[in-house]
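This report refers to the structure that appears directly beneath it.
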Amino acid sequence: MQEEATTLRAVEVLTPRTLEEALRLKAERAEAVPIQGGTDVMVELNFDRSRPAVLLNLNEVAELRGWSRTNGTLWLAAGLTYAEAMQQPLAEALPALAEAARTVGGPQIRNRGTIGGNLGTSSPAGDALPPLLVSGAEVKLASLRGERVVPLHEFLVGVKRNALATDELILGVSVDVRAGRETFMKVGPRNAMVIAVVSLALRVDGELRAAYGSAGPVPGLVRAPLDEVASFPQRVAEAASPIDDVRGTAAYRRHALRVLATRALERCLA
């Protein structure tokens, strides 16, 4: 029997050393797919679901790493890893993000996967997205044309779609840190190393804010006054637009959101 030969197209890899160089390369090669942790991009490559002609390796761009705090504002660079988000003092400032980060894959994935990757992929199941939504995160984008800031809820526009222009890169997100309590919960076959059937981040400060994942084309944000605690879980469930798929039914997801919202409120209001 004659074997069928499969020819895989070579992938060109560009490795800028500075942000300026990275933006120039992205402007020149709009088709270049940014890669840093690679926990999403490499899966697509390995399963031959996607084979971009050009990868833009951002691992050497120091401007895209780490985090900082200026007065009451936190800056999380796009290259911030889940493992870094779990460490103090950042975990104390953004506990829901730290809790979400602990559920992402195993140690190897948490050491490589980045906040910017979650933003760029814009999956409805992205674990970092609900915690960032309830914190009022704003996404900073850059190109050779300049920088712009987009609220996260406007940046996410559809299933794995966002407001990023073809010549732009994600620099990171800024979050205003305010007094309050927050938490993150997730339903899946296991506590970690699994795509969420549904997830929920909740923050209680001057109001109630909940953001859900895996229950609509984009992670959604629900807000309500503090005196509407009793009806809030139902409001969250009704705001979602889940589907039936191999991981769960729409009805189950709505039920799970009500349960998660109730438990999260109990935790934050205790």
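So you can find residues: chains in the structure tokens are A, B, ... in the order shown, residues in each start at 1, and ligands are numbered from 1 in order.
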
For A:Phe155, find every residue with an atom within 9 Å (counting only C-alpha atoms), except residues of its own chain fewer than 3 positions away, and show them as a VMD selection string. chain A and resid 119 122 138 to 139 150 to 152 161 to 164

Who sits within 7 Å of A:Gly37, only C-alpha atoms, same chain under 6 positions skipped, as a PyMOL selection string: chain A and resi 112-114

So that I have them on file, write out the residues from the current selection with all heavy atoms, as an mmCIF file, in the first residue's frame.
data_model
loop_
_atom_site.group_PDB
_atom_site.id
_atom_site.type_symbol
_atom_site.label_atom_id
_atom_site.label_comp_id
_atom_site.auth_asym_id
_atom_site.auth_seq_id
_atom_site.Cartn_x
_atom_site.Cartn_y
_atom_site.Cartn_z
ATOM 1 N N ARG A 112 4.039 29.111 31.777
ATOM 2 C CA ARG A 112 4.205 29.622 30.417
ATOM 3 C C ARG A 112 3.031 30.488 29.963
ATOM 4 O O ARG A 112 3.219 31.485 29.273
ATOM 5 C CB ARG A 112 4.359 28.454 29.432
ATOM 6 C CG ARG A 112 5.630 27.656 29.600
ATOM 7 C CD ARG A 112 6.852 28.482 29.246
ATOM 8 N NE ARG A 112 6.796 28.969 27.871
ATOM 9 C CZ ARG A 112 7.614 29.889 27.372
ATOM 10 N NH1 ARG A 112 8.523 30.441 28.144
ATOM 11 N NH2 ARG A 112 7.507 30.276 26.116
ATOM 12 N N GLY A 113 1.801 30.086 30.316
ATOM 13 C CA GLY A 113 0.624 30.813 29.861
ATOM 14 C C GLY A 113 0.590 32.233 30.399
ATOM 15 O O GLY A 113 1.002 32.499 31.527
ATOM 16 N N THR A 114 0.079 33.163 29.603
ATOM 17 C CA THR A 114 0.111 34.580 29.964
ATOM 18 C C THR A 114 -1.274 35.218 29.919
ATOM 19 O O THR A 114 -2.183 34.737 29.234
ATOM 20 C CB THR A 114 1.029 35.367 29.009
ATOM 21 O OG1 THR A 114 0.475 35.312 27.684
ATOM 22 C CG2 THR A 114 2.440 34.802 29.004
#

Residue with smallest distance to A:Glu207 - pool A:Leu132, A:Leu269, A:Ala165, A:Ala78, counting only C-alpha atoms: A:Leu269

What's the separation between atom CA of A:Ala98 and atom CA of A:Phe232, in Å to one decimal place? 24.0 Å

Can you pull out every residue within 9 Å of A:Ser143, counting only C-alpha atoms, but drop anything in the same chain fewer than 4 positions away, and send it as a list in words? Glu20, Leu23, Arg24, Lys26, Ala27, Glu147, Arg148, Ala165, Asp167, Glu168 and Leu169 of chain A

Output N, CA and C atoms for every residue in that selection, as a tab-separated table (two decimals), in the first residue's frame.
chain	number	residue	atom	x	y	z
A	20	GLU	N	9.57	48.39	20.32
A	20	GLU	CA	9.59	49.17	19.07
A	20	GLU	C	9.80	48.27	17.86
A	23	LEU	N	6.60	46.16	17.22
A	23	LEU	CA	5.55	46.93	16.56
A	23	LEU	C	5.87	47.16	15.08
A	24	ARG	N	7.15	47.38	14.78
A	24	ARG	CA	7.55	47.56	13.38
A	24	ARG	C	7.31	46.28	12.58
A	26	LYS	N	5.19	43.90	13.28
A	26	LYS	CA	3.75	43.65	13.16
A	26	LYS	C	3.14	44.54	12.08
A	27	ALA	N	3.66	45.76	11.95
A	27	ALA	CA	3.16	46.66	10.90
A	27	ALA	C	3.55	46.15	9.52
A	147	GLU	N	-0.82	54.50	20.78
A	147	GLU	CA	-1.46	53.62	21.76
A	147	GLU	C	-2.92	54.01	21.93
A	148	ARG	N	-3.72	53.04	22.33
A	148	ARG	CA	-5.12	53.31	22.69
A	148	ARG	C	-5.53	52.37	23.82
A	165	ALA	N	-6.58	45.58	16.16
A	165	ALA	CA	-6.34	45.82	14.73
A	165	ALA	C	-5.18	44.94	14.26
A	167	ASP	N	-2.43	45.57	12.92
A	167	ASP	CA	-1.06	46.04	13.16
A	167	ASP	C	-0.79	46.30	14.64
A	168	GLU	N	-1.71	45.89	15.53
A	168	GLU	CA	-1.58	46.18	16.95
A	168	GLU	C	-1.13	44.97	17.76
A	169	LEU	N	-0.49	45.28	18.89
A	169	LEU	CA	-0.15	44.27	19.88
A	169	LEU	C	-0.77	44.67	21.22

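The gap separating atom CA of A:Gly105 from atom CA of A:Val134 is 22.5 Å, in Å to one decimal.
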
Restricting the calculation to only C-alpha atoms: of A:Arg145, A:Arg235, A:Arg49, A:His255, which residue gets closest to A:Ser199?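 Closest to A:Ser199, using only C-alpha atoms: A:His255.
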
Pick from A:Pro52, A:Gly248, A:Gly136, A:Gly216: nearest to A:Arg203, with only C-alpha atoms counted?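 The answer is A:Gly136, which sits nearest to A:Arg203.
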
Using only C-alpha atoms, pick whichever of A:Ala210, A:Leu64, A:Ala240, A:Leu200 has the shortest atom-to-atom distance to A:Thr18. A:Leu64

Using only C-alpha atoms, pick whichever of A:Met42, A:Ala62, A:Leu133, A:Val187 has the shortest atom-to-atom distance to A:Ala256.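 Smallest distance to A:Ala256 is found for A:Val187.
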
Taking 6 positions as the minimum chain separation for residues in the same chain, which residues sit within 10 Å of A:Glu99 when counting only C-alpha atoms? Answer as a PDB file with all heavy atoms, in the first residue's frame.
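Done, and the output landed in selection_6.pdb:
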ATOM      1  N   TYR A  82       0.440  33.091  34.584  1.00  0.00           N
ATOM      2  CA  TYR A  82      -0.504  32.678  35.622  1.00  0.00           C
ATOM      3  C   TYR A  82       0.234  32.403  36.931  1.00  0.00           C
ATOM      4  O   TYR A  82      -0.262  32.718  38.012  1.00  0.00           O
ATOM      5  CB  TYR A  82      -1.262  31.426  35.185  1.00  0.00           C
ATOM      6  CG  TYR A  82      -2.089  31.629  33.949  1.00  0.00           C
ATOM      7  CD1 TYR A  82      -1.782  30.968  32.764  1.00  0.00           C
ATOM      8  CD2 TYR A  82      -3.181  32.491  33.956  1.00  0.00           C
ATOM      9  CE1 TYR A  82      -2.543  31.151  31.620  1.00  0.00           C
ATOM     10  CE2 TYR A  82      -3.946  32.685  32.816  1.00  0.00           C
ATOM     11  CZ  TYR A  82      -3.619  32.012  31.650  1.00  0.00           C
ATOM     12  OH  TYR A  82      -4.367  32.201  30.524  1.00  0.00           O
ATOM     13  N   ALA A  85       0.773  35.587  38.650  1.00  0.00           N
ATOM     14  CA  ALA A  85      -0.480  36.132  39.182  1.00  0.00           C
ATOM     15  C   ALA A  85      -0.865  35.473  40.499  1.00  0.00           C
ATOM     16  O   ALA A  85      -1.637  36.040  41.285  1.00  0.00           O
ATOM     17  CB  ALA A  85      -1.607  35.955  38.170  1.00  0.00           C
ATOM     18  N   MET A  86      -0.330  34.275  40.763  1.00  0.00           N
ATOM     19  CA  MET A  86      -0.633  33.548  41.991  1.00  0.00           C
ATOM     20  C   MET A  86       0.240  33.976  43.166  1.00  0.00           C
ATOM     21  O   MET A  86      -0.031  33.612  44.301  1.00  0.00           O
ATOM     22  CB  MET A  86      -0.434  32.039  41.755  1.00  0.00           C
ATOM     23  CG  MET A  86      -1.427  31.434  40.797  1.00  0.00           C
ATOM     24  SD  MET A  86      -0.893  29.815  40.163  1.00  0.00           S
ATOM     25  CE  MET A  86      -0.516  28.939  41.690  1.00  0.00           C
ATOM     26  N   ALA A  91      -1.312  38.583  44.310  1.00  0.00           N
ATOM     27  CA  ALA A  91      -2.463  37.740  44.622  1.00  0.00           C
ATOM     28  C   ALA A  91      -3.356  38.373  45.697  1.00  0.00           C
ATOM     29  O   ALA A  91      -4.571  38.177  45.688  1.00  0.00           O
ATOM     30  CB  ALA A  91      -1.992  36.365  45.086  1.00  0.00           C
ATOM     31  N   ASP A 127     -10.006  31.730  31.465  1.00  0.00           N
ATOM     32  CA  ASP A 127     -10.166  31.810  32.928  1.00  0.00           C
ATOM     33  C   ASP A 127      -9.809  33.179  33.500  1.00  0.00           C
ATOM     34  O   ASP A 127     -10.373  33.584  34.524  1.00  0.00           O
ATOM     35  CB  ASP A 127      -9.301  30.731  33.597  1.00  0.00           C
ATOM     36  CG  ASP A 127      -9.856  29.334  33.390  1.00  0.00           C
ATOM     37  OD1 ASP A 127     -11.079  29.158  33.515  1.00  0.00           O
ATOM     38  OD2 ASP A 127      -9.075  28.417  33.094  1.00  0.00           O
ATOM     39  N   ALA A 128      -8.879  33.892  32.884  1.00  0.00           N
ATOM     40  CA  ALA A 128      -8.467  35.188  33.430  1.00  0.00           C
ATOM     41  C   ALA A 128      -9.480  36.287  33.135  1.00  0.00           C
ATOM     42  O   ALA A 128      -9.459  37.339  33.788  1.00  0.00           O
ATOM     43  CB  ALA A 128      -7.102  35.584  32.872  1.00  0.00           C
ATOM     44  N   PRO A 131     -12.313  37.448  36.113  1.00  0.00           N
ATOM     45  CA  PRO A 131     -11.731  38.258  37.181  1.00  0.00           C
ATOM     46  C   PRO A 131     -11.314  39.652  36.726  1.00  0.00           C
ATOM     47  O   PRO A 131     -11.458  40.626  37.477  1.00  0.00           O
ATOM     48  CB  PRO A 131     -10.507  37.438  37.623  1.00  0.00           C
ATOM     49  CG  PRO A 131     -10.832  36.039  37.251  1.00  0.00           C
ATOM     50  CD  PRO A 131     -11.606  36.149  35.975  1.00  0.00           C
ATOM     51  N   GLU A 182     -13.571  39.729  46.637  1.00  0.00           N
ATOM     52  CA  GLU A 182     -13.838  39.081  45.364  1.00  0.00           C
ATOM     53  C   GLU A 182     -13.408  37.621  45.407  1.00  0.00           C
ATOM     54  O   GLU A 182     -12.596  37.227  46.250  1.00  0.00           O
ATOM     55  CB  GLU A 182     -13.117  39.814  44.222  1.00  0.00           C
ATOM     56  CG  GLU A 182     -11.605  39.823  44.343  1.00  0.00           C
ATOM     57  CD  GLU A 182     -10.943  40.607  43.217  1.00  0.00           C
ATOM     58  OE1 GLU A 182     -11.420  41.722  42.921  1.00  0.00           O
ATOM     59  OE2 GLU A 182      -9.953  40.102  42.635  1.00  0.00           O
ATOM     60  N   THR A 183     -13.957  36.847  44.481  1.00  0.00           N
ATOM     61  CA  THR A 183     -13.617  35.428  44.411  1.00  0.00           C
ATOM     62  C   THR A 183     -13.873  34.920  43.003  1.00  0.00           C
ATOM     63  O   THR A 183     -14.517  35.597  42.188  1.00  0.00           O
ATOM     64  CB  THR A 183     -14.422  34.620  45.446  1.00  0.00           C
ATOM     65  OG1 THR A 183     -13.903  33.299  45.537  1.00  0.00           O
ATOM     66  CG2 THR A 183     -15.893  34.541  45.058  1.00  0.00           C
ATOM     67  N   PHE A 184     -13.377  33.711  42.739  1.00  0.00           N
ATOM     68  CA  PHE A 184     -13.560  33.064  41.437  1.00  0.00           C
ATOM     69  C   PHE A 184     -13.936  31.617  41.674  1.00  0.00           C
ATOM     70  O   PHE A 184     -13.374  30.954  42.547  1.00  0.00           O
ATOM     71  CB  PHE A 184     -12.268  33.133  40.619  1.00  0.00           C
ATOM     72  CG  PHE A 184     -12.311  32.346  39.332  1.00  0.00           C
ATOM     73  CD1 PHE A 184     -12.843  32.909  38.182  1.00  0.00           C
ATOM     74  CD2 PHE A 184     -11.825  31.038  39.269  1.00  0.00           C
ATOM     75  CE1 PHE A 184     -12.893  32.182  36.990  1.00  0.00           C
ATOM     76  CE2 PHE A 184     -11.869  30.311  38.078  1.00  0.00           C
ATOM     77  CZ  PHE A 184     -12.405  30.893  36.936  1.00  0.00           C
ATOM     78  N   MET A 185     -14.892  31.113  40.904  1.00  0.00           N
ATOM     79  CA  MET A 185     -15.307  29.725  40.994  1.00  0.00           C
ATOM     80  C   MET A 185     -15.482  29.155  39.591  1.00  0.00           C
ATOM     81  O   MET A 185     -15.770  29.893  38.646  1.00  0.00           O
ATOM     82  CB  MET A 185     -16.621  29.594  41.773  1.00  0.00           C
ATOM     83  CG  MET A 185     -16.513  30.021  43.220  1.00  0.00           C
ATOM     84  SD  MET A 185     -18.093  29.808  44.097  1.00  0.00           S
ATOM     85  CE  MET A 185     -17.604  30.237  45.764  1.00  0.00           C
ATOM     86  N   LYS A 186     -15.329  27.845  39.491  1.00  0.00           N
ATOM     87  CA  LYS A 186     -15.331  27.202  38.181  1.00  0.00           C
ATOM     88  C   LYS A 186     -15.932  25.803  38.303  1.00  0.00           C
ATOM     89  O   LYS A 186     -15.662  25.091  39.270  1.00  0.00           O
ATOM     90  CB  LYS A 186     -13.879  27.137  37.693  1.00  0.00           C
ATOM     91  CG  LYS A 186     -13.609  26.416  36.393  1.00  0.00           C
ATOM     92  CD  LYS A 186     -12.119  26.576  36.076  1.00  0.00           C
ATOM     93  CE  LYS A 186     -11.662  25.813  34.879  1.00  0.00           C
ATOM     94  NZ  LYS A 186     -10.230  26.041  34.584  1.00  0.00           N
ATOM     95  N   ALA A 201     -16.672  34.975  38.275  1.00  0.00           N
ATOM     96  CA  ALA A 201     -15.937  35.842  39.196  1.00  0.00           C
ATOM     97  C   ALA A 201     -16.930  36.815  39.797  1.00  0.00           C
ATOM     98  O   ALA A 201     -17.827  37.305  39.100  1.00  0.00           O
ATOM     99  CB  ALA A 201     -14.831  36.599  38.471  1.00  0.00           C
TER     100      ALA A 201
END

A:Ala10 proximity check over A:Gly120, A:Ala137, A:Ala53, A:Ala270, using only C-alpha atoms: winner is A:Ala53

Please return as a PyMOL selection string: the residues of stretch 119-242 of chain A that backbone DSSP assigns to strand (DSSP E or B). chain A and resi 138-143+146-151+156-158+161-162+169-176+181-187+198-204+208-213+220-224

At a cut-off of 10 Å, using only C-alpha atoms, what residues contact A:Asn118? Leave out same-chain residues fewer than 6 positions from it and give the result as a list in words. Thr39, Asp40, Ala78, Pro124, Ala125, Gly126, Asp127, Ala128, Leu129 and Lys160 of chain A

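For the pair atom CA of A:Val222 and atom CA of A:Ala237, the separation is 9.7 Å.
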
Show which residues sit within 12 Å of A:Asp244, as a PyMOL selection string. Count only C-alpha atoms, and ignore same-chain residues fewer than 5 positions away. chain A and resi 197-198+214-216+249-254

If you run DSSP on the backbone, which residues of stretch 25-233 of chain A are alpha helix (DSSP H), as a ChimeraX atom specification? /A:25-28,41-46,82-85,90-93,95-102,107-112,115-121,129-134,152-155,232-233

Once you have the residues from the selection above, write them out as a short mmCIF file (atom, residue, chain, number, x, y, z; two decimals), in the first residue's frame, restricted to N, CA and C atoms.
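See again.cif below for the written result:
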data_model
loop_
_atom_site.label_atom_id
_atom_site.label_comp_id
_atom_site.auth_asym_id
_atom_site.auth_seq_id
_atom_site.Cartn_x
_atom_site.Cartn_y
_atom_site.Cartn_z
N LEU A 25 7.69 45.15 13.15
CA LEU A 25 7.49 43.88 12.46
C LEU A 25 6.01 43.57 12.27
N LYS A 26 5.19 43.90 13.28
CA LYS A 26 3.75 43.65 13.16
C LYS A 26 3.14 44.54 12.08
N ALA A 27 3.66 45.76 11.95
CA ALA A 27 3.16 46.66 10.90
C ALA A 27 3.55 46.15 9.52
N GLU A 28 4.76 45.59 9.42
CA GLU A 28 5.25 45.10 8.14
C GLU A 28 4.64 43.76 7.77
N VAL A 41 -1.56 28.87 20.96
CA VAL A 41 -1.06 28.82 19.59
C VAL A 41 -0.44 27.46 19.27
N MET A 42 0.34 26.91 20.20
CA MET A 42 1.01 25.64 19.92
C MET A 42 0.03 24.48 19.83
N VAL A 43 -1.08 24.56 20.58
CA VAL A 43 -2.11 23.52 20.46
C VAL A 43 -2.68 23.53 19.04
N GLU A 44 -2.97 24.73 18.54
CA GLU A 44 -3.49 24.85 17.18
C GLU A 44 -2.49 24.30 16.17
N LEU A 45 -1.21 24.58 16.37
CA LEU A 45 -0.18 24.08 15.46
C LEU A 45 -0.05 22.57 15.56
N ASN A 46 0.01 22.07 16.78
CA ASN A 46 0.25 20.63 16.97
C ASN A 46 -0.87 19.78 16.38
N TYR A 82 0.44 33.09 34.58
CA TYR A 82 -0.50 32.68 35.62
C TYR A 82 0.23 32.40 36.93
N ALA A 83 1.42 31.82 36.84
CA ALA A 83 2.20 31.54 38.04
C ALA A 83 2.54 32.83 38.78
N GLU A 84 2.87 33.87 38.04
CA GLU A 84 3.18 35.17 38.67
C GLU A 84 1.93 35.78 39.28
N ALA A 85 0.77 35.59 38.65
CA ALA A 85 -0.48 36.13 39.18
C ALA A 85 -0.86 35.47 40.50
N LEU A 90 0.81 40.43 44.50
CA LEU A 90 -0.23 40.60 43.48
C LEU A 90 -1.47 39.80 43.80
N ALA A 91 -1.31 38.58 44.31
CA ALA A 91 -2.46 37.74 44.62
C ALA A 91 -3.36 38.37 45.70
N GLU A 92 -2.77 39.12 46.60
CA GLU A 92 -3.55 39.80 47.63
C GLU A 92 -4.35 40.95 47.03
N ALA A 93 -3.78 41.63 46.04
CA ALA A 93 -4.46 42.76 45.41
C ALA A 93 -5.57 42.30 44.47
N PRO A 95 -7.29 38.87 44.25
CA PRO A 95 -7.47 37.47 44.67
C PRO A 95 -8.27 36.63 43.68
N ALA A 96 -9.26 37.20 43.00
CA ALA A 96 -10.03 36.40 42.04
C ALA A 96 -9.16 35.96 40.87
N LEU A 97 -8.28 36.84 40.42
CA LEU A 97 -7.37 36.47 39.34
C LEU A 97 -6.42 35.38 39.80
N ALA A 98 -5.93 35.48 41.03
CA ALA A 98 -5.04 34.44 41.57
C ALA A 98 -5.76 33.10 41.67
N GLU A 99 -7.01 33.13 42.13
CA GLU A 99 -7.79 31.89 42.23
C GLU A 99 -8.02 31.28 40.85
N ALA A 100 -8.31 32.12 39.87
CA ALA A 100 -8.50 31.62 38.51
C ALA A 100 -7.21 31.03 37.96
N ALA A 101 -6.09 31.71 38.23
CA ALA A 101 -4.80 31.24 37.73
C ALA A 101 -4.47 29.84 38.27
N ARG A 102 -4.87 29.57 39.50
CA ARG A 102 -4.58 28.25 40.10
C ARG A 102 -5.32 27.11 39.40
N PRO A 107 1.42 22.93 36.45
CA PRO A 107 2.48 23.90 36.70
C PRO A 107 3.18 24.37 35.43
N GLN A 108 3.39 23.46 34.47
CA GLN A 108 4.09 23.86 33.25
C GLN A 108 3.28 24.91 32.48
N ILE A 109 1.96 24.71 32.39
CA ILE A 109 1.11 25.66 31.68
C ILE A 109 1.06 26.98 32.43
N ARG A 110 0.96 26.93 33.76
CA ARG A 110 0.89 28.17 34.54
C ARG A 110 2.20 28.96 34.46
N ASN A 111 3.31 28.26 34.28
CA ASN A 111 4.59 28.94 34.15
C ASN A 111 4.79 29.58 32.78
N ARG A 112 4.04 29.11 31.78
CA ARG A 112 4.21 29.62 30.42
C ARG A 112 3.03 30.49 29.96
N ILE A 115 -1.39 36.33 30.62
CA ILE A 115 -2.61 37.12 30.60
C ILE A 115 -2.87 37.63 29.19
N GLY A 116 -1.82 38.10 28.52
CA GLY A 116 -1.97 38.60 27.15
C GLY A 116 -2.46 37.54 26.20
N GLY A 117 -2.02 36.29 26.41
CA GLY A 117 -2.49 35.20 25.57
C GLY A 117 -3.97 34.96 25.74
N ASN A 118 -4.45 35.02 26.99
CA ASN A 118 -5.89 34.87 27.26
C ASN A 118 -6.69 35.98 26.59
N LEU A 119 -6.15 37.20 26.65
CA LEU A 119 -6.81 38.32 26.00
C LEU A 119 -6.81 38.16 24.49
N GLY A 120 -5.66 37.77 23.93
CA GLY A 120 -5.55 37.65 22.49
C GLY A 120 -6.41 36.55 21.92
N THR A 121 -6.48 35.42 22.60
CA THR A 121 -7.32 34.32 22.14
C THR A 121 -8.80 34.67 22.26
N LEU A 129 -10.36 36.07 32.18
CA LEU A 129 -11.21 37.16 31.71
C LEU A 129 -12.29 37.57 32.72
N PRO A 130 -13.06 36.65 33.35
CA PRO A 130 -14.04 37.09 34.34
C PRO A 130 -13.44 37.88 35.51
N PRO A 131 -12.31 37.45 36.11
CA PRO A 131 -11.73 38.26 37.18
C PRO A 131 -11.31 39.65 36.73
N LEU A 132 -10.80 39.75 35.50
CA LEU A 132 -10.40 41.07 34.99
C LEU A 132 -11.64 41.93 34.72
N LEU A 133 -12.71 41.32 34.25
CA LEU A 133 -13.94 42.07 33.99
C LEU A 133 -14.52 42.68 35.26
N VAL A 134 -14.60 41.90 36.34
CA VAL A 134 -15.20 42.45 37.56
C VAL A 134 -14.31 43.51 38.19
N LEU A 152 -12.21 46.34 28.79
CA LEU A 152 -12.20 44.92 28.45
C LEU A 152 -13.53 44.46 27.88
N HIS A 153 -14.64 44.96 28.42
CA HIS A 153 -15.95 44.51 27.94
C HIS A 153 -16.21 44.97 26.50
N GLU A 154 -15.49 45.98 26.03
CA GLU A 154 -15.60 46.41 24.63
C GLU A 154 -14.55 45.73 23.76
N PHE A 155 -13.46 45.29 24.37
CA PHE A 155 -12.40 44.60 23.62
C PHE A 155 -12.87 43.23 23.14
N PHE A 232 -29.80 38.47 42.85
CA PHE A 232 -28.63 38.57 41.98
C PHE A 232 -28.27 37.25 41.29
N PRO A 233 -28.26 36.10 41.99
CA PRO A 233 -27.93 34.85 41.29
C PRO A 233 -28.84 34.58 40.09
#
